[in-house]
$ cat my_file_3.pdb   # PDB, C-alpha atoms
ATOM      1  CA  LEU A  25      -5.005-123.961   4.859  1.00  0.00           C
ATOM      2  CA  GLY A  26      -3.304-120.685   5.295  1.00  0.00           C
ATOM      3  CA  VAL A  27      -4.979-117.337   4.907  1.00  0.00           C
ATOM      4  CA  SER A  28      -3.402-116.727   1.513  1.00  0.00           C
ATOM      5  CA  GLN A  29      -4.377-120.198   0.173  1.00  0.00           C
ATOM      6  CA  LEU A  30      -7.955-119.802   1.456  1.00  0.00           C
ATOM      7  CA  SER A  31      -8.219-116.408  -0.191  1.00  0.00           C
ATOM      8  CA  GLY A  32      -6.936-117.824  -3.462  1.00  0.00           C
ATOM      9  CA  CYS A  33      -9.492-120.632  -3.487  1.00  0.00           C
ATOM     10  CA  LEU A  34     -12.305-118.263  -2.642  1.00  0.00           C
ATOM     11  CA  LEU A  35     -11.226-115.839  -5.362  1.00  0.00           C
ATOM     12  CA  ALA A  36     -10.984-118.589  -7.994  1.00  0.00           C
ATOM     13  CA  GLY A  37     -14.444-119.930  -7.244  1.00  0.00           C
ATOM     14  CA  THR A  38     -15.975-116.485  -7.196  1.00  0.00           C
ATOM     15  CA  VAL A  39     -14.466-115.555 -10.570  1.00  0.00           C
ATOM     16  CA  LEU A  40     -15.991-118.607 -12.198  1.00  0.00           C
ATOM     17  CA  ARG A  41     -19.509-117.926 -10.879  1.00  0.00           C
ATOM     18  CA  CYS A  42     -19.748-114.103 -10.698  1.00  0.00           C
ATOM     19  CA  PRO A  43     -17.087-111.803 -12.127  1.00  0.00           C
ATOM     20  CA  THR A  44     -18.640-108.786 -10.409  1.00  0.00           C
ATOM     21  CA  ALA A  45     -18.425-110.451  -7.037  1.00  0.00           C
ATOM     22  CA  ALA A  46     -14.816-111.323  -7.794  1.00  0.00           C
ATOM     23  CA  VAL A  47     -14.028-107.672  -8.236  1.00  0.00           C
ATOM     24  CA  CYS A  48     -15.695-106.873  -4.919  1.00  0.00           C
ATOM     25  CA  VAL A  49     -13.763-109.603  -3.155  1.00  0.00           C
ATOM     26  CA  THR A  50     -10.510-108.425  -4.651  1.00  0.00           C
ATOM     27  CA  LEU A  51     -11.176-104.864  -3.534  1.00  0.00           C
ATOM     28  CA  ALA A  52     -12.188-106.086  -0.089  1.00  0.00           C
ATOM     29  CA  LEU A  53      -8.961-108.070   0.281  1.00  0.00           C
ATOM     30  CA  GLY A  54      -7.037-105.026  -0.839  1.00  0.00           C
ATOM     31  CA  GLY A  55      -8.668-102.840   1.828  1.00  0.00           C
ATOM     32  CA  GLY A  56     -11.273-101.242  -0.446  1.00  0.00           C
ATOM     33  CA  SER A  57     -15.088-101.232  -0.346  1.00  0.00           C
ATOM     34  CA  CYS A  58     -17.586-102.815  -2.725  1.00  0.00           C
ATOM     35  CA  GLY A  59     -19.976 -99.919  -2.336  1.00  0.00           C
ATOM     36  CA  ASN A  60     -17.337 -97.369  -3.335  1.00  0.00           C
ATOM     37  CA  PRO A  61     -14.834 -98.846  -5.789  1.00  0.00           C
ATOM     38  CA  GLY A  62     -13.173 -95.487  -6.397  1.00  0.00           C
ATOM     39  CA  SER A  63     -12.004 -95.286  -2.813  1.00  0.00           C
ATOM     40  CA  ALA A  64      -9.486 -98.033  -3.371  1.00  0.00           C
ATOM     41  CA  THR A  65      -7.664 -96.196  -6.123  1.00  0.00           C
ATOM     42  CA  THR A  66      -8.003 -92.615  -4.905  1.00  0.00           C
ATOM     43  CA  PRO A  67      -5.623 -91.846  -2.067  1.00  0.00           C
ATOM     44  CA  ALA A  68      -6.721 -89.526   0.678  1.00  0.00           C
ATOM     45  CA  ARG A  69      -5.607 -85.914   0.101  1.00  0.00           C
ATOM     46  CA  THR A  70      -3.953 -84.251   2.994  1.00  0.00           C
ATOM     47  CA  VAL A  71      -3.150 -80.581   3.331  1.00  0.00           C
ATOM     48  CA  PRO A  72       0.213 -80.011   4.984  1.00  0.00           C
ATOM     49  CA  ALA A  73       0.101 -77.797   7.987  1.00  0.00           C
ATOM     50  CA  GLY A  74       1.602 -74.350   7.693  1.00  0.00           C
ATOM     51  CA  ASN A  75       1.222 -74.122   3.883  1.00  0.00           C
ATOM     52  CA  ASN A  76      -1.318 -71.332   3.886  1.00  0.00           C
ATOM     53  CA  ASN A  77      -0.216 -68.749   1.327  1.00  0.00           C
ATOM     54  CA  GLY A  78      -2.830 -66.088   2.016  1.00  0.00           C
ATOM     55  CA  PRO A  79      -5.003 -64.709   4.770  1.00  0.00           C
ATOM     56  CA  THR A  80      -8.308 -66.512   4.988  1.00  0.00           C
ATOM     57  CA  THR A  81      -9.652 -64.812   8.076  1.00  0.00           C
ATOM     58  CA  THR A  82     -10.154 -61.268   9.199  1.00  0.00           C
ATOM     59  CA  ALA A  83      -7.279 -61.742  11.593  1.00  0.00           C
ATOM     60  CA  GLY A  84      -4.944 -62.366   8.646  1.00  0.00           C
ATOM     61  CA  VAL A  85      -6.126 -59.230   6.891  1.00  0.00           C
ATOM     62  CA  ALA A  86      -5.626 -57.265  10.083  1.00  0.00           C
ATOM     63  CA  ASP A  87      -2.054 -58.556  10.292  1.00  0.00           C
ATOM     64  CA  LEU A  88      -1.338 -57.238   6.814  1.00  0.00           C
ATOM     65  CA  THR A  89      -2.846 -53.807   7.436  1.00  0.00           C
ATOM     66  CA  LYS A  90      -1.828 -53.121  10.993  1.00  0.00           C
ATOM     67  CA  ASN A  91       1.416 -51.427   9.892  1.00  0.00           C
ATOM     68  CA  VAL A  92      -0.218 -49.233   7.222  1.00  0.00           C
ATOM     69  CA  PRO A  93      -0.350 -45.571   8.362  1.00  0.00           C
ATOM     70  CA  VAL A  94      -3.936 -44.381   8.307  1.00  0.00           C
ATOM     71  CA  ASP A  95      -3.302 -40.929   9.671  1.00  0.00           C
ATOM     72  CA  ALA A  96      -0.401 -38.509   9.627  1.00  0.00           C
ATOM     73  CA  PRO A  97      -0.967 -36.047  12.464  1.00  0.00           C
ATOM     74  CA  GLY A  98       0.475 -32.655  11.696  1.00  0.00           C
ATOM     75  CA  VAL A  99       1.728 -33.593   8.235  1.00  0.00           C
ATOM     76  CA  SER A 100      -1.435 -32.534   6.409  1.00  0.00           C
ATOM     77  CA  ASP A 101      -1.608 -29.273   8.372  1.00  0.00           C
ATOM     78  CA  THR A 102       1.981 -28.441   7.450  1.00  0.00           C
ATOM     79  CA  GLU A 103       1.347 -29.263   3.804  1.00  0.00           C
ATOM     80  CA  ILE A 104      -1.778 -27.100   3.614  1.00  0.00           C
ATOM     81  CA  LYS A 105      -0.023 -24.218   5.378  1.00  0.00           C
ATOM     82  CA  VAL A 106       2.960 -24.327   3.032  1.00  0.00           C
ATOM     83  CA  ALA A 107       0.716 -24.614  -0.033  1.00  0.00           C
ATOM     84  CA  THR A 108      -1.429 -21.671   1.112  1.00  0.00           C
ATOM     85  CA  ILE A 109       1.602 -19.446   1.703  1.00  0.00           C
ATOM     86  CA  THR A 110       2.957 -20.496  -1.673  1.00  0.00           C
ATOM     87  CA  VAL A 111      -0.252 -19.642  -3.505  1.00  0.00           C
ATOM     88  CA  ILE A 112      -0.618 -16.200  -1.895  1.00  0.00           C
ATOM     89  CA  ALA A 113       2.993 -15.207  -2.551  1.00  0.00           C
ATOM     90  CA  SER A 114       2.997 -16.696  -6.053  1.00  0.00           C
ATOM     91  CA  VAL A 115      -0.159 -14.823  -7.042  1.00  0.00           C
ATOM     92  CA  ILE A 116       1.191 -11.494  -5.761  1.00  0.00           C
ATOM     93  CA  LEU A 117       4.608 -11.888  -7.391  1.00  0.00           C
ATOM     94  CA  GLY A 118       3.275 -13.459 -10.579  1.00  0.00           C
ATOM     95  CA  VAL A 119       0.595 -10.814 -11.201  1.00  0.00           C
ATOM     96  CA  ALA A 120       2.996  -7.944 -10.452  1.00  0.00           C
ATOM     97  CA  ALA A 121       5.628  -9.380 -12.777  1.00  0.00           C
ATOM     98  CA  ALA A 122       3.054 -10.026 -15.497  1.00  0.00           C
ATOM     99  CA  LEU A 123       1.768  -6.437 -15.330  1.00  0.00           C
ATOM    100  CA  ALA A 124       5.311  -5.077 -15.520  1.00  0.00           C
ATOM    101  CA  ILE A 125       6.202  -7.302 -18.459  1.00  0.00           C
ATOM    102  CA  ALA A 126       2.972  -6.596 -20.360  1.00  0.00           C
ATOM    103  CA  ARG A 127       3.166  -2.813 -19.998  1.00  0.00           C
ATOM    104  CA  SER A 128       6.883  -2.362 -20.588  1.00  0.00           C
ATOM    105  CA  ARG A 129       8.411  -1.860 -24.031  1.00  0.00           C
ATOM    106  CA  ASN A 130      12.041  -2.209 -22.983  1.00  0.00           C
ATOM    107  CA  PRO A 131      14.060  -5.021 -24.588  1.00  0.00           C
ATOM    108  CA  TRP A 132      15.330  -6.288 -21.245  1.00  0.00           C
ATOM    109  CA  VAL A 133      11.796  -7.290 -20.281  1.00  0.00           C
ATOM    110  CA  ARG A 134      12.127 -10.521 -22.245  1.00  0.00           C
ATOM    111  CA  GLY A 135      15.172 -11.342 -20.213  1.00  0.00           C
ATOM    112  CA  LEU A 136      13.160 -10.771 -17.041  1.00  0.00           C
ATOM    113  CA  GLU A 137      10.469 -13.131 -18.316  1.00  0.00           C
ATOM    114  CA  THR A 138      13.109 -15.767 -19.024  1.00  0.00           C
ATOM    115  CA  LEU A 139      14.473 -15.305 -15.511  1.00  0.00           C
ATOM    116  CA  PHE A 140      11.055 -15.902 -13.978  1.00  0.00           C
ATOM    117  CA  MET A 141      10.485 -18.986 -16.133  1.00  0.00           C
ATOM    118  CA  SER A 142      13.921 -20.496 -15.443  1.00  0.00           C
ATOM    119  CA  PRO A 143      12.787 -22.667 -12.477  1.00  0.00           C
ATOM    120  CA  LEU A 144      10.730 -24.703 -14.933  1.00  0.00           C
ATOM    121  CA  ILE A 145      13.787 -25.248 -17.127  1.00  0.00           C
ATOM    122  CA  LEU A 146      16.071 -26.482 -14.356  1.00  0.00           C
ATOM    123  CA  PRO A 147      15.705 -30.049 -13.103  1.00  0.00           C
ATOM    124  CA  ALA A 148      13.729 -30.060  -9.870  1.00  0.00           C
ATOM    125  CA  LEU A 149      16.311 -32.116  -7.990  1.00  0.00           C
ATOM    126  CA  ALA A 150      19.096 -29.747  -9.051  1.00  0.00           C
ATOM    127  CA  PHE A 151      17.104 -26.736  -7.912  1.00  0.00           C
ATOM    128  CA  GLY A 152      16.263 -28.361  -4.563  1.00  0.00           C
ATOM    129  CA  PHE A 153      19.897 -29.206  -3.901  1.00  0.00           C
ATOM    130  CA  ALA A 154      21.028 -25.712  -4.941  1.00  0.00           C
ATOM    131  CA  ALA A 155      18.434 -24.121  -2.644  1.00  0.00           C
ATOM    132  CA  LEU A 156      19.615 -26.284   0.245  1.00  0.00           C
ATOM    133  CA  MET A 157      23.236 -25.233  -0.348  1.00  0.00           C
ATOM    134  CA  MET A 158      22.251 -21.561  -0.549  1.00  0.00           C
ATOM    135  CA  PHE A 159      20.286 -21.668   2.712  1.00  0.00           C
ATOM    136  CA  SER A 160      23.139 -23.541   4.390  1.00  0.00           C
ATOM    137  CA  ILE A 161      25.656 -20.902   3.293  1.00  0.00           C
ATOM    138  CA  LEU A 162      23.356 -18.130   4.552  1.00  0.00           C
ATOM    139  CA  GLY A 163      22.982 -19.927   7.886  1.00  0.00           C
ATOM    140  CA  PHE A 164      19.296 -20.846   7.609  1.00  0.00           C
ATOM    141  CA  ARG A 165      18.174 -24.238   8.812  1.00  0.00           C
ATOM    142  CA  PRO A 166      15.364 -26.105   7.032  1.00  0.00           C
ATOM    143  CA  SER A 167      12.027 -24.819   8.271  1.00  0.00           C
ATOM    144  CA  THR A 168       8.571 -23.928   7.070  1.00  0.00           C
ATOM    145  CA  LEU A 169       9.896 -20.597   5.764  1.00  0.00           C
ATOM    146  CA  THR A 170      12.661 -22.138   3.657  1.00  0.00           C
ATOM    147  CA  LEU A 171      10.262 -24.781   2.375  1.00  0.00           C
ATOM    148  CA  ALA A 172       7.722 -22.126   1.376  1.00  0.00           C
ATOM    149  CA  ILE A 173      10.402 -20.046  -0.365  1.00  0.00           C
ATOM    150  CA  GLY A 174      11.481 -23.044  -2.407  1.00  0.00           C
ATOM    151  CA  HIS A 175       7.908 -23.756  -3.411  1.00  0.00           C
ATOM    152  CA  ILE A 176       7.274 -20.105  -4.287  1.00  0.00           C
ATOM    153  CA  VAL A 177      10.221 -19.998  -6.671  1.00  0.00           C
ATOM    154  CA  VAL A 178       8.916 -23.105  -8.432  1.00  0.00           C
ATOM    155  CA  CYS A 179       5.252 -22.013  -8.544  1.00  0.00           C
ATOM    156  CA  VAL A 180       5.562 -18.340  -9.599  1.00  0.00           C
ATOM    157  CA  PRO A 181       6.101 -19.244 -13.299  1.00  0.00           C
ATOM    158  CA  PHE A 182       2.680 -20.916 -13.461  1.00  0.00           C
ATOM    159  CA  VAL A 183       0.883 -17.769 -12.285  1.00  0.00           C
ATOM    160  CA  LEU A 184       3.069 -15.600 -14.498  1.00  0.00           C
ATOM    161  CA  ARG A 185       2.303 -17.593 -17.623  1.00  0.00           C
ATOM    162  CA  THR A 186      -1.478 -17.716 -17.158  1.00  0.00           C
ATOM    163  CA  THR A 187      -1.646 -14.033 -16.213  1.00  0.00           C
ATOM    164  CA  LEU A 188       0.368 -13.006 -19.265  1.00  0.00           C
ATOM    165  CA  ALA A 189      -2.017 -14.990 -21.450  1.00  0.00           C
ATOM    166  CA  SER A 190      -4.980 -13.148 -19.909  1.00  0.00           C
ATOM    167  CA  LEU A 191      -3.312  -9.745 -20.265  1.00  0.00           C
ATOM    168  CA  ALA A 192      -2.641 -10.455 -23.940  1.00  0.00           C
ATOM    169  CA  GLN A 193      -6.409 -10.630 -24.487  1.00  0.00           C
ATOM    170  CA  LEU A 194      -7.107  -7.430 -22.557  1.00  0.00           C
ATOM    171  CA  ASP A 195      -8.137  -4.451 -24.694  1.00  0.00           C
ATOM    172  CA  PRO A 196      -5.762  -1.525 -23.941  1.00  0.00           C
ATOM    173  CA  ALA A 197      -8.510   0.937 -24.874  1.00  0.00           C
ATOM    174  CA  LEU A 198     -10.342   0.077 -21.659  1.00  0.00           C
ATOM    175  CA  LEU A 199      -7.350   1.120 -19.593  1.00  0.00           C
ATOM    176  CA  ASP A 200      -6.922   4.312 -21.606  1.00  0.00           C
ATOM    177  CA  CYS A 201     -10.560   5.229 -21.090  1.00  0.00           C
ATOM    178  CA  SER A 202     -10.247   4.687 -17.355  1.00  0.00           C
ATOM    179  CA  VAL A 203      -7.173   6.894 -17.150  1.00  0.00           C
ATOM    180  CA  SER A 204      -8.760   9.602 -19.327  1.00  0.00           C
ATOM    181  CA  LEU A 205     -11.739   9.723 -16.960  1.00  0.00           C
ATOM    182  CA  GLY A 206      -9.437  10.474 -14.037  1.00  0.00           C
ATOM    183  CA  ALA A 207      -9.241   7.039 -12.401  1.00  0.00           C
ATOM    184  CA  SER A 208      -6.065   6.166 -10.562  1.00  0.00           C
ATOM    185  CA  ASP A 209      -3.920   3.169 -11.416  1.00  0.00           C
ATOM    186  CA  VAL A 210      -5.067   1.292  -8.316  1.00  0.00           C
ATOM    187  CA  TYR A 211      -8.726   1.941  -9.108  1.00  0.00           C
ATOM    188  CA  THR A 212      -8.240   0.905 -12.732  1.00  0.00           C
ATOM    189  CA  PHE A 213      -6.535  -2.306 -11.686  1.00  0.00           C
ATOM    190  CA  ARG A 214      -9.200  -3.125  -9.094  1.00  0.00           C
ATOM    191  CA  LYS A 215     -12.227  -2.308 -11.256  1.00  0.00           C
ATOM    192  CA  ILE A 216     -11.103  -3.162 -14.800  1.00  0.00           C
ATOM    193  CA  THR A 217      -7.882  -5.124 -15.032  1.00  0.00           C
ATOM    194  CA  LEU A 218      -8.363  -7.617 -12.211  1.00  0.00           C
ATOM    195  CA  PRO A 219     -11.931  -8.669 -13.136  1.00  0.00           C
ATOM    196  CA  LEU A 220     -10.863  -9.261 -16.743  1.00  0.00           C
ATOM    197  CA  ILE A 221      -7.769 -11.307 -15.876  1.00  0.00           C
ATOM    198  CA  GLY A 222      -9.299 -12.965 -12.823  1.00  0.00           C
ATOM    199  CA  ARG A 223      -9.792 -16.325 -14.532  1.00  0.00           C
ATOM    200  CA  GLY A 224      -6.172 -16.480 -15.598  1.00  0.00           C
ATOM    201  CA  VAL A 225      -4.979 -15.556 -12.114  1.00  0.00           C
ATOM    202  CA  ALA A 226      -7.311 -18.131 -10.531  1.00  0.00           C
ATOM    203  CA  SER A 227      -6.150 -20.889 -12.863  1.00  0.00           C
ATOM    204  CA  GLY A 228      -2.516 -20.026 -12.162  1.00  0.00           C
ATOM    205  CA  GLY A 229      -3.169 -20.040  -8.421  1.00  0.00           C
ATOM    206  CA  PHE A 230      -4.828 -23.460  -8.668  1.00  0.00           C
ATOM    207  CA  ILE A 231      -1.903 -24.879 -10.631  1.00  0.00           C
ATOM    208  CA  ALA A 232       0.501 -23.363  -8.091  1.00  0.00           C
ATOM    209  CA  PHE A 233      -1.414 -24.936  -5.200  1.00  0.00           C
ATOM    210  CA  MET A 234      -1.395 -28.385  -6.789  1.00  0.00           C
ATOM    211  CA  SER A 235       2.264 -28.072  -7.736  1.00  0.00           C
ATOM    212  CA  SER A 236       3.196 -27.096  -4.181  1.00  0.00           C
ATOM    213  CA  PHE A 237       0.991 -29.785  -2.642  1.00  0.00           C
ATOM    214  CA  ASP A 238       2.513 -32.504  -4.837  1.00  0.00           C
ATOM    215  CA  ASN A 239       6.111 -31.249  -4.890  1.00  0.00           C
ATOM    216  CA  VAL A 240       8.603 -33.956  -3.911  1.00  0.00           C
ATOM    217  CA  PRO A 241      12.101 -32.909  -5.144  1.00  0.00           C
ATOM    218  CA  VAL A 242      12.190 -29.472  -3.489  1.00  0.00           C
ATOM    219  CA  SER A 243      10.500 -30.707  -0.308  1.00  0.00           C
ATOM    220  CA  LEU A 244      12.968 -33.578  -0.088  1.00  0.00           C
ATOM    221  CA  PHE A 245      15.883 -31.146   0.386  1.00  0.00           C
ATOM    222  CA  LEU A 246      14.234 -28.265   2.256  1.00  0.00           C
ATOM    223  CA  GLN A 247      12.168 -30.080   4.887  1.00  0.00           C
ATOM    224  CA  ASP A 248      13.137 -31.312   8.325  1.00  0.00           C
ATOM    225  CA  ALA A 249      11.520 -33.565  10.915  1.00  0.00           C
ATOM    226  CA  ARG A 250       9.194 -30.773  12.071  1.00  0.00           C
ATOM    227  CA  THR A 251       8.116 -29.695   8.588  1.00  0.00           C
ATOM    228  CA  GLN A 252       7.551 -33.031   6.899  1.00  0.00           C
ATOM    229  CA  VAL A 253       5.051 -32.716   4.071  1.00  0.00           C
ATOM    230  CA  LEU A 254       2.486 -35.236   2.933  1.00  0.00           C
ATOM    231  CA  PRO A 255       4.119 -36.469  -0.348  1.00  0.00           C
ATOM    232  CA  ILE A 256       7.372 -37.269   1.463  1.00  0.00           C
ATOM    233  CA  TYR A 257       5.455 -38.935   4.310  1.00  0.00           C
ATOM    234  CA  LEU A 258       3.617 -41.172   1.839  1.00  0.00           C
ATOM    235  CA  TRP A 259       6.829 -41.859  -0.066  1.00  0.00           C
ATOM    236  CA  ASP A 260       8.632 -42.977   3.099  1.00  0.00           C
TER     237      ASP A 260
END
$ encode --input "my_file_3.pdb" --output "structure tokens"
Amino acid sequence: LGVSQLSGCLLAGTVLRCPTAAVCVTLALGGGSCGNPGSATTPARTVPAGNNNGPTTTAGVADLTKNVPVDAPGVSDTEIKVATITVIASVILGVAAALAIARSRNPWVRGLETLFMSPLILPALAFGFAALMMFSILGFRPSTLTLAIGHIVVCVPFVLRTTLASLAQLDPALLDCSVSLGASDVYTFRKITLPLIGRGVASGGFIAFMSSFDNVPVSLFLQDARTQVLPIYLWD
């Protein structure tokens, strides 16, 4: 008898005597195993090579992060220097303008206040482009000085506004008493006015520092390769 006929006879006899054994024989002839019937119907799962969608080792994570800049040498120093210059100049100009506006009774003072606040009305990109054109016409190349000037123009309104709010709460009788006692204007400002408006000046200086440190539109037009600031470095 052939192999197929012998298998058929054996299968027929086994079915009549023991159905469970028949199943085992059938699985054995089909390449399965009696001890593990599920292995005959469950095909082996293979993972194709090269189909790894994510890093599973530290080497893969290192490959993803090796191009991320972790340090910007010189950029942070330039940014802090520009922001410091901006704060000092903005505080001096803003406080002086606020004192002149608060003490004057002329009608043109309101126009001066509007002039100082105009950088906040203009779009930042338009102001940055206009400043670049002005410096180009005057023959100045982008540098730390031009960048600081652009930031000062943008940040002075913050100091001006907070200082004017503090001066509005200042009692004029205190200044009159100081003058009547023979104190000079400088002494009165140093001993009376400045301590009373110090919180407003400090808050304006802090806002000016943060505005200069985080300024992108003006820095985008007024910087060069030697004066790159941190927001532009992170943006690039």
$ residues_around --input "my_file_3.pdb" --residues "Asp209 in chain A" --least-positions-apart "6" --cutoff "12 Å" --atoms "all atoms listed in the file" --output "list of chain:residue names"
A:Leu123, A:Leu199, A:Asp200, A:Cys201, A:Ser202, A:Val203, A:Lys215, A:Ile216, A:Thr217, A:Leu218
$ atom_distance --input "my_file_3.pdb" --atom1 "CA of Thr110 in chain A" --atom2 "CA of Ala192 in chain A"
25.1 Å
$ atom_distance --input "my_file_3.pdb" --atom1 "CA of Leu144 in chain A" --atom2 "CA of Asn239 in chain A"
12.8 Å
$ closest_residue --input "my_file_3.pdb" --among "A:Ala207, A:Thr187, A:Ala121, A:Ile145" --to "Val133 in chain A" --atoms "only C-alpha atoms"
A:Ala121
$ atom_distance --input "my_file_3.pdb" --atom1 "CA of Ile116 in chain A" --atom2 "CA of Phe237 in chain A"
18.6 Å
$ resolve_selection --input "my_file_3.pdb" --expression "the PyMOL selection byres ((chain A and resi 178) around 10)" --output "ChimeraX atom specification"
/A:110,114,140-144,146,148,151-152,172-177,179-182,232,235-236,239,242
$ closest_residue --input "my_file_3.pdb" --among "A:Leu244, A:Leu169, A:Ile112, A:Leu184" --to "Tyr257 in chain A" --atoms "only C-alpha atoms"
A:Leu244
$ closest_atom_pairs --input "my_file_3.pdb" --of "range 149-258 of chain A" --to "range 100-105 of chain A" --cutoff "12 Å" --atoms "only C-alpha atoms" --output "Markdown table"
| residue | atom | partner | partner_atom | distance |
| --- | --- | --- | --- | --- |
| A:Ser167 | CA | A:Thr102 | CA | 10.7 |
| A:Thr168 | CA | A:Thr102 | CA | 8.0 |
| A:Leu169 | CA | A:Lys105 | CA | 10.6 |
| A:Leu171 | CA | A:Glu103 | CA | 10.1 |
| A:Ala172 | CA | A:Lys105 | CA | 9.0 |
| A:His175 | CA | A:Glu103 | CA | 11.2 |
| A:Phe233 | CA | A:Ile104 | CA | 9.1 |
| A:Met234 | CA | A:Ile104 | CA | 10.5 |
| A:Ser235 | CA | A:Glu103 | CA | 11.6 |
| A:Ser236 | CA | A:Glu103 | CA | 8.5 |
| A:Phe237 | CA | A:Glu103 | CA | 6.5 |
| A:Asp238 | CA | A:Glu103 | CA | 9.3 |
| A:Asn239 | CA | A:Glu103 | CA | 10.1 |
| A:Val240 | CA | A:Glu103 | CA | 11.6 |
| A:Ser243 | CA | A:Glu103 | CA | 10.1 |
| A:Gln247 | CA | A:Thr102 | CA | 10.6 |
| A:Asp248 | CA | A:Thr102 | CA | 11.6 |
| A:Ala249 | CA | A:Thr102 | CA | 11.4 |
| A:Arg250 | CA | A:Thr102 | CA | 8.9 |
| A:Thr251 | CA | A:Thr102 | CA | 6.4 |
| A:Gln252 | CA | A:Thr102 | CA | 7.2 |
| A:Val253 | CA | A:Glu103 | CA | 5.1 |
| A:Leu254 | CA | A:Ser100 | CA | 5.9 |
| A:Pro255 | CA | A:Glu103 | CA | 8.8 |
| A:Ile256 | CA | A:Glu103 | CA | 10.3 |
| A:Tyr257 | CA | A:Ser100 | CA | 9.6 |
| A:Leu258 | CA | A:Ser100 | CA | 11.0 |
$ closest_residue --input "my_file_3.pdb" --among "A:Phe230, A:Trp259, A:Trp132, A:Phe245" --to "Ser160 in chain A" --atoms "all atoms listed in the file"
A:Phe245
$ closest_residue --input "my_file_3.pdb" --among "A:Arg129, A:Arg134, A:Arg165, A:Arg185" --to "Gly228 in chain A" --atoms "only C-alpha atoms"
A:Arg185
$ resolve_selection --input "my_file_3.pdb" --expression "the PyMOL selection byres ((chain A and resi 193) around 12)" --output "PDB file with C-alpha atoms, in the coordinates of the input"
ATOM      1  CA  ALA A 126       2.972  -6.596 -20.360  1.00  0.00           C
ATOM      2  CA  THR A 186      -1.478 -17.716 -17.158  1.00  0.00           C
ATOM      3  CA  THR A 187      -1.646 -14.033 -16.213  1.00  0.00           C
ATOM      4  CA  LEU A 188       0.368 -13.006 -19.265  1.00  0.00           C
ATOM      5  CA  ALA A 189      -2.017 -14.990 -21.450  1.00  0.00           C
ATOM      6  CA  SER A 190      -4.980 -13.148 -19.909  1.00  0.00           C
ATOM      7  CA  LEU A 191      -3.312  -9.745 -20.265  1.00  0.00           C
ATOM      8  CA  ALA A 192      -2.641 -10.455 -23.940  1.00  0.00           C
ATOM      9  CA  LEU A 194      -7.107  -7.430 -22.557  1.00  0.00           C
ATOM     10  CA  ASP A 195      -8.137  -4.451 -24.694  1.00  0.00           C
ATOM     11  CA  PRO A 196      -5.762  -1.525 -23.941  1.00  0.00           C
ATOM     12  CA  ALA A 197      -8.510   0.937 -24.874  1.00  0.00           C
ATOM     13  CA  LEU A 198     -10.342   0.077 -21.659  1.00  0.00           C
ATOM     14  CA  THR A 217      -7.882  -5.124 -15.032  1.00  0.00           C
ATOM     15  CA  LEU A 220     -10.863  -9.261 -16.743  1.00  0.00           C
ATOM     16  CA  ILE A 221      -7.769 -11.307 -15.876  1.00  0.00           C
ATOM     17  CA  ARG A 223      -9.792 -16.325 -14.532  1.00  0.00           C
ATOM     18  CA  GLY A 224      -6.172 -16.480 -15.598  1.00  0.00           C
TER      19      GLY A 224
END
